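Dumped final.cif below, it's mmCIF, N, CA and C atoms:
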```
data_final
loop_
_atom_site.label_atom_id
_atom_site.label_comp_id
_atom_site.auth_asym_id
_atom_site.auth_seq_id
_atom_site.Cartn_x
_atom_site.Cartn_y
_atom_site.Cartn_z
N GLN A 603 18.74 -30.33 3.41
CA GLN A 603 18.32 -29.67 4.64
C GLN A 603 18.70 -28.18 4.60
N ARG A 604 19.97 -27.91 4.26
CA ARG A 604 20.44 -26.52 4.21
C ARG A 604 19.68 -25.72 3.16
N GLN A 605 19.44 -26.35 1.99
CA GLN A 605 18.71 -25.64 0.94
C GLN A 605 17.28 -25.31 1.38
N MET A 606 16.68 -26.19 2.16
CA MET A 606 15.33 -25.92 2.67
C MET A 606 15.35 -24.72 3.61
N CYS A 607 16.38 -24.62 4.46
CA CYS A 607 16.51 -23.48 5.36
C CYS A 607 16.71 -22.19 4.58
N ILE A 608 17.51 -22.26 3.51
CA ILE A 608 17.75 -21.09 2.66
C ILE A 608 16.44 -20.66 2.00
N ARG A 609 15.68 -21.62 1.47
CA ARG A 609 14.39 -21.29 0.83
C ARG A 609 13.44 -20.67 1.85
N ASP A 610 13.40 -21.20 3.06
CA ASP A 610 12.54 -20.64 4.10
C ASP A 610 12.94 -19.20 4.42
N SER A 611 14.25 -18.93 4.47
CA SER A 611 14.74 -17.59 4.74
C SER A 611 14.36 -16.63 3.61
N ILE A 612 14.50 -17.08 2.38
CA ILE A 612 14.12 -16.26 1.22
C ILE A 612 12.64 -15.94 1.28
N GLN A 613 11.81 -16.94 1.53
CA GLN A 613 10.36 -16.71 1.57
C GLN A 613 9.95 -15.79 2.71
N ALA A 614 10.64 -15.89 3.86
CA ALA A 614 10.34 -14.99 4.98
C ALA A 614 10.71 -13.55 4.61
N ASP A 615 11.89 -13.38 3.99
CA ASP A 615 12.30 -12.04 3.56
C ASP A 615 11.32 -11.47 2.54
N LEU A 616 10.91 -12.28 1.56
CA LEU A 616 9.98 -11.81 0.54
C LEU A 616 8.63 -11.43 1.14
N SER A 617 8.20 -12.15 2.15
CA SER A 617 6.95 -11.81 2.83
C SER A 617 7.08 -10.45 3.53
N THR A 618 8.20 -10.25 4.22
CA THR A 618 8.45 -8.98 4.90
C THR A 618 8.53 -7.83 3.90
N LEU A 619 9.29 -8.03 2.83
CA LEU A 619 9.43 -6.99 1.81
C LEU A 619 8.10 -6.71 1.12
N GLY A 620 7.36 -7.76 0.80
CA GLY A 620 6.07 -7.59 0.14
C GLY A 620 5.10 -6.78 1.00
N SER A 621 5.09 -7.06 2.29
CA SER A 621 4.22 -6.30 3.20
C SER A 621 4.63 -4.84 3.26
N ALA A 622 5.93 -4.58 3.34
CA ALA A 622 6.43 -3.19 3.39
C ALA A 622 6.08 -2.44 2.10
N VAL A 623 6.20 -3.12 0.97
CA VAL A 623 5.86 -2.51 -0.33
C VAL A 623 4.38 -2.13 -0.36
N GLU A 624 3.52 -3.01 0.13
CA GLU A 624 2.08 -2.73 0.13
C GLU A 624 1.71 -1.60 1.09
N VAL A 625 2.38 -1.52 2.23
CA VAL A 625 2.13 -0.42 3.17
C VAL A 625 2.59 0.90 2.53
N HIS A 626 3.72 0.87 1.85
CA HIS A 626 4.20 2.06 1.13
C HIS A 626 3.15 2.50 0.11
N TYR A 627 2.60 1.54 -0.63
CA TYR A 627 1.58 1.85 -1.64
C TYR A 627 0.34 2.47 -0.98
N ALA A 628 -0.08 1.91 0.14
CA ALA A 628 -1.26 2.42 0.83
C ALA A 628 -1.04 3.85 1.34
N LYS A 629 0.17 4.14 1.75
CA LYS A 629 0.48 5.46 2.31
C LYS A 629 0.74 6.51 1.23
N HIS A 630 1.42 6.10 0.14
CA HIS A 630 1.86 7.07 -0.87
C HIS A 630 1.13 6.98 -2.21
N GLY A 631 0.37 5.90 -2.42
CA GLY A 631 -0.36 5.76 -3.68
C GLY A 631 0.49 5.26 -4.83
N ASN A 632 1.73 4.84 -4.53
CA ASN A 632 2.58 4.25 -5.56
C ASN A 632 3.55 3.29 -4.90
N TYR A 633 4.13 2.43 -5.73
CA TYR A 633 5.13 1.50 -5.21
C TYR A 633 6.48 2.20 -5.14
N PRO A 634 7.34 1.79 -4.23
CA PRO A 634 8.65 2.43 -4.15
C PRO A 634 9.48 2.13 -5.40
N ALA A 635 10.40 3.04 -5.72
CA ALA A 635 11.26 2.84 -6.89
C ALA A 635 12.33 1.80 -6.61
N ALA A 636 12.70 1.67 -5.34
CA ALA A 636 13.75 0.72 -4.95
C ALA A 636 13.47 0.21 -3.54
N ILE A 637 13.99 -0.94 -3.23
CA ILE A 637 13.82 -1.49 -1.88
C ILE A 637 14.41 -0.56 -0.83
N SER A 638 15.51 0.10 -1.19
CA SER A 638 16.14 1.02 -0.23
C SER A 638 15.21 2.17 0.17
N ASP A 639 14.21 2.48 -0.65
CA ASP A 639 13.24 3.52 -0.32
C ASP A 639 12.35 3.13 0.86
N LEU A 640 12.36 1.86 1.22
CA LEU A 640 11.54 1.38 2.33
C LEU A 640 12.27 1.44 3.67
N VAL A 641 13.57 1.78 3.64
CA VAL A 641 14.42 1.64 4.82
C VAL A 641 14.71 2.98 5.48
N ASP A 642 14.58 2.99 6.80
CA ASP A 642 15.02 4.11 7.64
C ASP A 642 15.51 3.49 8.94
N ALA A 643 16.79 3.61 9.22
CA ALA A 643 17.39 2.97 10.39
C ALA A 643 16.75 3.39 11.71
N THR A 644 16.16 4.59 11.75
CA THR A 644 15.52 5.05 12.98
C THR A 644 14.13 4.43 13.14
N GLY A 645 13.57 3.93 12.03
CA GLY A 645 12.24 3.36 12.09
C GLY A 645 11.14 4.39 12.03
N LYS A 646 11.48 5.67 11.92
CA LYS A 646 10.48 6.73 11.93
C LYS A 646 9.87 6.99 10.56
N ASP A 647 10.72 7.08 9.54
CA ASP A 647 10.23 7.46 8.22
C ASP A 647 10.22 6.31 7.22
N GLY A 648 10.66 5.16 7.64
CA GLY A 648 10.70 4.03 6.73
C GLY A 648 9.72 2.95 7.15
N PHE A 649 9.67 1.91 6.37
CA PHE A 649 8.81 0.78 6.66
C PHE A 649 9.61 -0.40 7.17
N LEU A 650 10.96 -0.31 7.00
CA LEU A 650 11.89 -1.31 7.50
C LEU A 650 13.06 -0.59 8.15
N LYS A 651 13.61 -1.17 9.21
CA LYS A 651 14.80 -0.58 9.84
C LYS A 651 16.08 -0.95 9.09
N SER A 652 16.04 -2.07 8.39
CA SER A 652 17.18 -2.48 7.57
C SER A 652 16.67 -3.30 6.40
N GLU A 653 17.46 -3.33 5.36
CA GLU A 653 17.08 -4.07 4.15
C GLU A 653 17.46 -5.53 4.29
N PRO A 654 16.50 -6.45 4.17
CA PRO A 654 16.84 -7.87 4.22
C PRO A 654 17.83 -8.24 3.12
N LYS A 655 18.80 -9.04 3.47
CA LYS A 655 19.81 -9.49 2.51
C LYS A 655 19.60 -10.96 2.20
N PRO A 656 19.66 -11.32 0.92
CA PRO A 656 19.53 -12.73 0.54
C PRO A 656 20.66 -13.56 1.15
N PRO A 657 20.47 -14.86 1.21
CA PRO A 657 21.47 -15.74 1.83
C PRO A 657 22.78 -15.85 1.06
N ILE A 658 22.80 -15.44 -0.19
CA ILE A 658 24.01 -15.49 -1.01
C ILE A 658 24.64 -14.10 -1.03
N ASP A 659 25.86 -13.98 -0.51
CA ASP A 659 26.55 -12.69 -0.46
C ASP A 659 26.67 -12.08 -1.85
N GLY A 660 26.49 -10.77 -1.91
CA GLY A 660 26.65 -10.06 -3.17
C GLY A 660 25.42 -10.03 -4.04
N GLU A 661 24.36 -10.70 -3.64
CA GLU A 661 23.12 -10.69 -4.41
C GLU A 661 22.09 -9.81 -3.71
N ALA A 662 21.01 -9.50 -4.42
CA ALA A 662 19.97 -8.64 -3.85
C ALA A 662 18.59 -9.11 -4.32
N TYR A 663 17.60 -8.75 -3.54
CA TYR A 663 16.21 -8.97 -3.97
C TYR A 663 15.88 -7.93 -5.03
N SER A 664 15.01 -8.28 -5.97
CA SER A 664 14.62 -7.37 -7.06
C SER A 664 13.20 -6.89 -6.85
N LEU A 665 12.99 -5.60 -7.09
CA LEU A 665 11.67 -4.99 -6.96
C LEU A 665 11.19 -4.52 -8.32
N ASN A 666 9.97 -4.90 -8.70
CA ASN A 666 9.33 -4.38 -9.89
C ASN A 666 8.49 -3.19 -9.42
N ALA A 667 8.95 -1.98 -9.71
CA ALA A 667 8.31 -0.77 -9.19
C ALA A 667 6.92 -0.53 -9.78
N SER A 668 6.60 -1.17 -10.90
CA SER A 668 5.27 -0.96 -11.48
C SER A 668 4.22 -1.91 -10.90
N THR A 669 4.64 -3.09 -10.40
CA THR A 669 3.67 -4.04 -9.85
C THR A 669 3.81 -4.23 -8.34
N GLY A 670 4.96 -3.85 -7.79
CA GLY A 670 5.21 -4.05 -6.36
C GLY A 670 5.71 -5.44 -6.02
N GLU A 671 5.97 -6.26 -7.03
CA GLU A 671 6.44 -7.62 -6.77
C GLU A 671 7.94 -7.62 -6.46
N VAL A 672 8.32 -8.35 -5.42
CA VAL A 672 9.72 -8.54 -5.07
C VAL A 672 10.07 -9.99 -5.38
N THR A 673 11.21 -10.20 -6.06
CA THR A 673 11.60 -11.56 -6.47
C THR A 673 13.05 -11.84 -6.13
N TYR A 674 13.37 -13.13 -6.15
CA TYR A 674 14.74 -13.59 -5.96
C TYR A 674 14.88 -14.95 -6.63
N VAL A 675 15.98 -15.16 -7.35
CA VAL A 675 16.23 -16.43 -8.01
C VAL A 675 17.26 -17.22 -7.21
N PHE A 676 16.89 -18.47 -6.87
CA PHE A 676 17.78 -19.37 -6.13
C PHE A 676 17.69 -20.75 -6.76
N LYS A 677 18.83 -21.28 -7.21
CA LYS A 677 18.91 -22.63 -7.78
C LYS A 677 17.89 -22.84 -8.89
N GLY A 678 17.73 -21.84 -9.78
CA GLY A 678 16.85 -21.98 -10.94
C GLY A 678 15.38 -21.74 -10.67
N THR A 679 15.02 -21.40 -9.44
CA THR A 679 13.62 -21.11 -9.10
C THR A 679 13.49 -19.64 -8.74
N THR A 680 12.51 -18.96 -9.32
CA THR A 680 12.23 -17.57 -8.98
C THR A 680 11.17 -17.56 -7.87
N TYR A 681 11.54 -16.99 -6.73
CA TYR A 681 10.62 -16.85 -5.60
C TYR A 681 10.03 -15.45 -5.63
N SER A 682 8.76 -15.32 -5.27
CA SER A 682 8.04 -14.06 -5.41
C SER A 682 7.32 -13.67 -4.12
N SER A 683 7.28 -12.36 -3.88
CA SER A 683 6.51 -11.85 -2.74
C SER A 683 5.01 -12.05 -2.96
N PHE A 684 4.61 -12.35 -4.20
CA PHE A 684 3.21 -12.63 -4.49
C PHE A 684 2.83 -14.07 -4.15
N GLY A 685 3.79 -14.85 -3.67
CA GLY A 685 3.52 -16.20 -3.23
C GLY A 685 3.63 -17.26 -4.30
N LYS A 686 4.07 -16.87 -5.50
CA LYS A 686 4.21 -17.87 -6.55
C LYS A 686 5.70 -18.11 -6.80
N ASN A 687 6.06 -19.34 -7.03
CA ASN A 687 7.43 -19.72 -7.34
C ASN A 687 7.46 -20.33 -8.72
N THR A 688 8.43 -19.92 -9.54
CA THR A 688 8.52 -20.39 -10.90
C THR A 688 9.87 -21.05 -11.13
N LYS A 689 9.84 -22.31 -11.54
CA LYS A 689 11.06 -23.07 -11.79
C LYS A 689 11.43 -22.92 -13.26
N LYS A 690 12.71 -22.63 -13.54
CA LYS A 690 13.19 -22.54 -14.92
C LYS A 690 13.40 -23.92 -15.49
N GLY A 691 13.11 -24.04 -16.80
CA GLY A 691 13.43 -25.30 -17.47
C GLY A 691 12.33 -26.22 -17.61
#
```
Have the structure of the file written as structure tokens, please.
Amino acid sequence: QRQMCIRDSIQADLSTLGSAVEVHYAKHGNYPAAISDLVDATGKDGFLKSEPKPPIDGEAYSLNASTGEVTYVFKGTTYSSFGKNTKKG
């Protein structure tokens, strides 16, 4: 049950991040170099007011600046902002 909630949280964050990355691309013609480039606490110059944090402390979502894909690995499965999940093994 708890793992399902964690996966749902990861997928919600990836959806939010993926949308922000695409809006950045539409506005600037390129993907951001880092997730932090999407954040502005005032909400004026950024696409997010704060950076979503994964459910595991000390970890971070990964951004591929050439494709715009945001990923996170949880329990051997790579979750993607592109909507595909890949299980290792």
With the PyMOL selection byres ((chain A and resi 635-652) around 6) as the selection, what would be picked from this file? Answer as a PyMOL selection string, please. chain A and resi 622+633-634+653-654+665+667
So which residues get picked by the PyMOL selection byres ((chain A and resi 683) around 8) here, written as a compact mmCIF listing (two decimals) with N, CA and C atoms, keeping the file's coordinate frame?
```txt
# COMPACT_ATOMS: atom_id res chain seq x y z
N GLN A 613 11.81 -16.94 1.53
CA GLN A 613 10.36 -16.71 1.57
C GLN A 613 9.95 -15.79 2.71
N ASP A 615 11.89 -13.38 3.99
CA ASP A 615 12.30 -12.04 3.56
C ASP A 615 11.32 -11.47 2.54
N LEU A 616 10.91 -12.28 1.56
CA LEU A 616 9.98 -11.81 0.54
C LEU A 616 8.63 -11.43 1.14
N SER A 617 8.20 -12.15 2.15
CA SER A 617 6.95 -11.81 2.83
C SER A 617 7.08 -10.45 3.53
N THR A 618 8.20 -10.25 4.22
CA THR A 618 8.45 -8.98 4.90
C THR A 618 8.53 -7.83 3.90
N LEU A 619 9.29 -8.03 2.83
CA LEU A 619 9.43 -6.99 1.81
C LEU A 619 8.10 -6.71 1.12
N GLY A 620 7.36 -7.76 0.80
CA GLY A 620 6.07 -7.59 0.14
C GLY A 620 5.10 -6.78 1.00
N SER A 621 5.09 -7.06 2.29
CA SER A 621 4.22 -6.30 3.20
C SER A 621 4.63 -4.84 3.26
N GLY A 670 4.96 -3.85 -7.79
CA GLY A 670 5.21 -4.05 -6.36
C GLY A 670 5.71 -5.44 -6.02
N GLU A 671 5.97 -6.26 -7.03
CA GLU A 671 6.44 -7.62 -6.77
C GLU A 671 7.94 -7.62 -6.46
N VAL A 672 8.32 -8.35 -5.42
CA VAL A 672 9.72 -8.54 -5.07
C VAL A 672 10.07 -9.99 -5.38
N THR A 673 11.21 -10.20 -6.06
CA THR A 673 11.60 -11.56 -6.47
C THR A 673 13.05 -11.84 -6.13
N TYR A 674 13.37 -13.13 -6.15
CA TYR A 674 14.74 -13.59 -5.96
C TYR A 674 14.88 -14.95 -6.63
N THR A 680 12.51 -18.96 -9.32
CA THR A 680 12.23 -17.57 -8.98
C THR A 680 11.17 -17.56 -7.87
N TYR A 681 11.54 -16.99 -6.73
CA TYR A 681 10.62 -16.85 -5.60
C TYR A 681 10.03 -15.45 -5.63
N SER A 682 8.76 -15.32 -5.27
CA SER A 682 8.04 -14.06 -5.41
C SER A 682 7.32 -13.67 -4.12
N PHE A 684 4.61 -12.35 -4.20
CA PHE A 684 3.21 -12.63 -4.49
C PHE A 684 2.83 -14.07 -4.15
N GLY A 685 3.79 -14.85 -3.67
CA GLY A 685 3.52 -16.20 -3.23
C GLY A 685 3.63 -17.26 -4.30
N LYS A 686 4.07 -16.87 -5.50
CA LYS A 686 4.21 -17.87 -6.55
C LYS A 686 5.70 -18.11 -6.80
N ASN A 687 6.06 -19.34 -7.03
CA ASN A 687 7.43 -19.72 -7.34
C ASN A 687 7.46 -20.33 -8.72
```
List every residue of chain A that DSSP, applied to the backbone of this structure, assigns to alpha helix (DSSP H), and report them as number ranges by chain. A: 604-630
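Here atom N of A:Ser611 is placed at a distance of 8.1 Å from atom N of A:Pro657.
Of the listed residues A:Ile608, A:Val623, A:Ala662, A:Ala628, the one whose atoms come nearest to A:Lys677 is A:Ile608, with distances taken using only C-alpha atoms.
Atom CA of A:Cys607 is positioned 17.4 Å from atom CA of A:Glu661.
Picture a line from atom C of A:Asp659 to atom C of A:Ile612; it runs 14.9 Å.
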From A:Ala614, A:Gln605, A:Ser668, A:Thr688, residue lying nearest A:Asn632 [all atoms listed in the file]: A:Ser668
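Assigned to strand (DSSP E or B) in chain A, given DSSP computed from backbone atoms, are Val641, Leu650, Ser664, Leu665, Val672, Thr673, Tyr674, Val675, Phe676, Thr679, Thr680, Tyr681, Ser682, Asn687, Thr688 and Lys689 of chain A.
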Could you write out the selected residues, including N, CA and C atoms, as a short mmCIF file (atom, residue, chain, number, x, y, z; two decimals), in the coordinates of the input?
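again.cif, freshly written:
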```cif
data_model
loop_
_atom_site.label_atom_id
_atom_site.label_comp_id
_atom_site.auth_asym_id
_atom_site.auth_seq_id
_atom_site.Cartn_x
_atom_site.Cartn_y
_atom_site.Cartn_z
N VAL A 641 13.57 1.78 3.64
CA VAL A 641 14.42 1.64 4.82
C VAL A 641 14.71 2.98 5.48
N LEU A 650 10.96 -0.31 7.00
CA LEU A 650 11.89 -1.31 7.50
C LEU A 650 13.06 -0.59 8.15
N SER A 664 15.01 -8.28 -5.97
CA SER A 664 14.62 -7.37 -7.06
C SER A 664 13.20 -6.89 -6.85
N LEU A 665 12.99 -5.60 -7.09
CA LEU A 665 11.67 -4.99 -6.96
C LEU A 665 11.19 -4.52 -8.32
N VAL A 672 8.32 -8.35 -5.42
CA VAL A 672 9.72 -8.54 -5.07
C VAL A 672 10.07 -9.99 -5.38
N THR A 673 11.21 -10.20 -6.06
CA THR A 673 11.60 -11.56 -6.47
C THR A 673 13.05 -11.84 -6.13
N TYR A 674 13.37 -13.13 -6.15
CA TYR A 674 14.74 -13.59 -5.96
C TYR A 674 14.88 -14.95 -6.63
N VAL A 675 15.98 -15.16 -7.35
CA VAL A 675 16.23 -16.43 -8.01
C VAL A 675 17.26 -17.22 -7.21
N PHE A 676 16.89 -18.47 -6.87
CA PHE A 676 17.78 -19.37 -6.13
C PHE A 676 17.69 -20.75 -6.76
N THR A 679 15.02 -21.40 -9.44
CA THR A 679 13.62 -21.11 -9.10
C THR A 679 13.49 -19.64 -8.74
N THR A 680 12.51 -18.96 -9.32
CA THR A 680 12.23 -17.57 -8.98
C THR A 680 11.17 -17.56 -7.87
N TYR A 681 11.54 -16.99 -6.73
CA TYR A 681 10.62 -16.85 -5.60
C TYR A 681 10.03 -15.45 -5.63
N SER A 682 8.76 -15.32 -5.27
CA SER A 682 8.04 -14.06 -5.41
C SER A 682 7.32 -13.67 -4.12
N ASN A 687 6.06 -19.34 -7.03
CA ASN A 687 7.43 -19.72 -7.34
C ASN A 687 7.46 -20.33 -8.72
N THR A 688 8.43 -19.92 -9.54
CA THR A 688 8.52 -20.39 -10.90
C THR A 688 9.87 -21.05 -11.13
N LYS A 689 9.84 -22.31 -11.54
CA LYS A 689 11.06 -23.07 -11.79
C LYS A 689 11.43 -22.92 -13.26
#
```
